[in-house]
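Okay, structure first, notes after.
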Amino acid sequence: MSSTATTATARGSTPAGAAPRRPGLVLFMVCVAIFMLMLDAMVVSAALADIRADFDASIDGLQWVVDAYSIPLAGVLLTFATLGDRYGRKRIHTVGMAVFTASSLAMTMAGSIVQLDVLRVVQGIGAAMLFATALPLLAAAFPEAGARAKAIGVYGAVMASATVLGPVVGGALVTQFGWRSIFLINVPIGIAMVVLAARKMPETESAQSHRADWLGSLLLTGGLVAAVFAMTRSHALGWTSGTVITLIVAGVLLLAAFLFWQTRASHPLFDISMAKKPGFTGTAIVSAAHMATLMASSTYLALFLLGQGYTPLEMGLRLMPISACAMVAAAVTPILAKRVPFGIGLTVTMAVVTVGMWLLGNYGHDDSWTHFLPGMIVGGLGIGALTSMNQAASLTFASQENAGMSSATFATLRQVGMAMGIAALGAMFTHVATDKAESGLAAVPGIGTVPQDLQGQFVDLVGSGAGHEVVEAVPSQFADAVPALTRVADSASIDALNSVANLGTIIGAVSVVIAATAFAIDRRRVSRRQSQPTAP
């Protein structure tokens with residue numbers, strides 16, 4: 001054995017080309033980490049009302065409870081992936097879990113909405129470190145293609161289920177123990193994972209020849225943060241506001257500068273040649289599109305159900321079909337579709353997600369929540385299968401030593417797609433709900449006796465997704481108008497939800513066509529290259 005290999009083995013690293021010890025343990029730790037970080041991305045939706053009551057927080061402060069986590073998660077993912085490739089994925093993973101756990105503990109003691117928002121930023125950074133190292137750790141732990149496919153299937157099922165289980169877990173915890181419990185539950189699990197990773201997780205080979213591209217990291221992180229910030233704030237500020245326009249321009253310029261720098265840097269953060277490989281464009285489109293459609297729309301479906309009078313726990317339970325179907329599809333896809341080319345598989349599964357979006361629409365005034373079951377089942381199956389295939393495809397565009405960069409690229413695209421989808425679908429929901437509430441309110445008999453400020457509050461609350469629960473704030477002297485106001489609020493909310501489903505369906509259909517075209521062009525290019533005679 002060479003001295004290099006002996007040294008690597010002695011310090012717990014894996015010699016080049018050999019599978020690390022305890023692959024099952026690595027899979028377990030990665031899945032626990034991914035479940036925790038994805039759960040915390042969604043779990044706060046059930047706690048916002050209690051947080052607002054405790055801190056007397058404005059809607060902007062509550063918005064930051066969500067945005068302060070998702071923006072760093074999208075903005076620094078590639079940076080930590082590269083650092084993991086260079087300095088070791090175990091090291092970045094362990095530090096990330098420690099940061100995530102410590103910030104969770106600190107949030108249980110937050111004394112103001114500002115403190116909570118700042119700590120969510122820190123938690124998002126820890127989540128980015130965990131996300132950036134997850135797939136590369138699995139790729140190193142399972143070098144054999146069949147075993148890796150099964151491991152990625154488990155990983156995809158965990159990630160897909162955690163995304164939708166958030167409202168269920170959050171609703172149960174908030175109802176029983178208060179909003180601080182949604183962060184406290186992370187602490188004992190996180191401490192156990194830090195100790196386990198430090199003692200038992202094998203280190204992967206690091207690419208010591210790769211130097212950190214700090215300028216590239218700065219340009220990319222700044223551009224993504226600006227762009228995602230613009231998308232997430234456009235719903236509240238409006239697309240034509242100076243802040244949003246400035247952020248969009250800044251994001252475009254910074255990302256353009258990043259791409260230019262990557263063609264000049266001696267050790268680039270992002271390997272531009274990866275984007276030239278067959279299948280990259282189509283995979284990138286699908287990565288963003290499935291998050292921008294069904295996953296983003298589930299936020300507004302949850303909002304609609306809450307507005308219909310369901311408790312947070314009841315709402316979460318009614319969204320369970322998405323999670324259950326996603327878990328099943330993600331687990332069996334690597335087995336059933338192992339011979340299906342990624343280009344075909346990703347296009348078909350994105351089409352299934354789009355059909356699920358379409359089935360969610362056309363909700364009627366006399367329908368119950370069961371109207372959404374077909375769409376949730378079909379869409380959940382599509383999400384699970386797509387997630388599994390997408391994770392596997394992301395590892396084919398780079399060597400194993402650069403797997404972190406490749407997987408983080410697509411993880412970043414998914415986060416950006418989620419933010420863009422929430423912004424676009426949210427703008428549509430608010431626009432339709434507000435317009436319908438205004439026109440419906442004008443037709444209510446005797447509405448002229450209601451003060452204008454109360455009418456404005458009614459319209460604003462309906463536009464924000466309060467549903468017919470908005471009538472609970474109607475003063476007692478206007479009790480006779482409550483039935484009519486309830487009908488107006490319900491009608492506006494239903495029309496708004498249907499418009500979200502329609503827009504999501506359009507986005508999904510367009511993405512299917514573009515992805516299919518990109519994959520077809522790549523296949524023809526590869527076929528043409530293979531048919532060319534080899535020079536003697």
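Just so we're on the same page: first chain in the structure tokens is A, next is B, and so on; residues restart at 1 for each chain, and ligands are numbered from 1 in the order they show up.
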
### Selection near A:Leu196, 12 Å with only C-alpha atoms, sequence-local residues under 2 positions removed, as a list of chain:residue names
A:Leu25, A:Val26, A:Phe28, A:Met29, A:Val30, A:Val32, A:Lys90, A:His93, A:Thr94, A:Met97, A:Ala98, A:Ile189, A:Gly190, A:Ile191, A:Ala192, A:Met193, A:Val194, A:Ala198, A:Arg199, A:Lys200, A:Met201, A:Pro202

### Message
Can you tell me which residues surround A:Thr409 at a distance of at most 9 Å, considering only C-alpha atoms, apart from same-chain residues fewer than 6 positions away, and format the answer as a PyMOL selection string?
### Response
chain A and resi 77-78+81+270+284+394

Could you write out the selected residues, including C-alpha atoms, as a PDB file, in the first residue's frame?
ATOM      1  CA  LEU A  77     -25.420  26.345  -1.996  1.00  0.00           C
ATOM      2  CA  LEU A  78     -22.802  26.239  -4.766  1.00  0.00           C
ATOM      3  CA  ALA A  81     -20.546  22.501  -2.514  1.00  0.00           C
ATOM      4  CA  PHE A 270     -18.870  26.364 -11.878  1.00  0.00           C
ATOM      5  CA  ALA A 284     -32.086  22.312 -15.563  1.00  0.00           C
ATOM      6  CA  SER A 394     -27.496  15.673 -11.539  1.00  0.00           C
TER       7      SER A 394
END

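Shortest atom-to-atom contact with A:Leu360 among A:Gln308, A:Ser323, A:Ser499, A:Thr243: A:Ser499, counting only C-alpha atoms.
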
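Separating atom CA of A:Leu27 from atom CA of A:Ala149 is a distance of 12.1 Å.
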
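The spacing separating atom CA of A:Ser297 from atom CA of A:Leu336 amounts to 28.2 Å.
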
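Comparing A:Ala74, A:Ala437, A:Ile335, A:Ala106 by their smallest distance to A:Leu220, the closest is A:Ala74 (using only C-alpha atoms).
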
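You can rank A:Thr387, A:Phe280, A:Ile422, A:Ala484 by their closest distance to A:Ala520 using only C-alpha atoms, and at the top of that list sits A:Phe280.
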
Where does stretch 276-377 of chain A meet stretch 429-434 of chain A within 12 Å, residue by residue, with the nearest atom pair and distance in Å to one decimal for each, counting only C-alpha atoms, listed by chain and rising number, as JSON lines?
{"residue": "A:Ser297", "atom": "CA", "partner": "A:Phe429", "partner_atom": "CA", "distance": 10.1}
{"residue": "A:Thr299", "atom": "CA", "partner": "A:Phe429", "partner_atom": "CA", "distance": 11.2}
{"residue": "A:Tyr300", "atom": "CA", "partner": "A:Phe429", "partner_atom": "CA", "distance": 8.0}
{"residue": "A:Leu301", "atom": "CA", "partner": "A:Phe429", "partner_atom": "CA", "distance": 10.6}
{"residue": "A:Leu303", "atom": "CA", "partner": "A:Phe429", "partner_atom": "CA", "distance": 10.6}
{"residue": "A:Phe304", "atom": "CA", "partner": "A:Phe429", "partner_atom": "CA", "distance": 10.3}

### Task
Quick one: everything within 10 Å of A:Leu313, counting only C-alpha atoms, minus sequence neighbours fewer than 4 positions away in the same chain. Send it as a PyMOL selection string.
chain A and resi 46+167-175+306+317-318

Selection to disk with C-alpha atoms, as a PDB file, in the first residue's frame:
ATOM      1  CA  ALA A  46     -48.416  26.542  10.682  1.00  0.00           C
ATOM      2  CA  PRO A 167     -47.573  21.763   7.620  1.00  0.00           C
ATOM      3  CA  VAL A 168     -48.710  18.506   9.278  1.00  0.00           C
ATOM      4  CA  VAL A 169     -45.832  18.328  11.746  1.00  0.00           C
ATOM      5  CA  GLY A 170     -45.967  22.074  12.315  1.00  0.00           C
ATOM      6  CA  GLY A 171     -49.700  22.027  12.939  1.00  0.00           C
ATOM      7  CA  ALA A 172     -49.429  19.213  15.472  1.00  0.00           C
ATOM      8  CA  LEU A 173     -46.506  20.805  17.351  1.00  0.00           C
ATOM      9  CA  VAL A 174     -47.988  24.301  17.426  1.00  0.00           C
ATOM     10  CA  THR A 175     -51.355  22.992  18.597  1.00  0.00           C
ATOM     11  CA  LEU A 306     -57.028  27.334   6.095  1.00  0.00           C
ATOM     12  CA  LEU A 317     -53.554  16.003   6.887  1.00  0.00           C
ATOM     13  CA  ARG A 318     -55.546  16.827   3.763  1.00  0.00           C
TER      14      ARG A 318
END
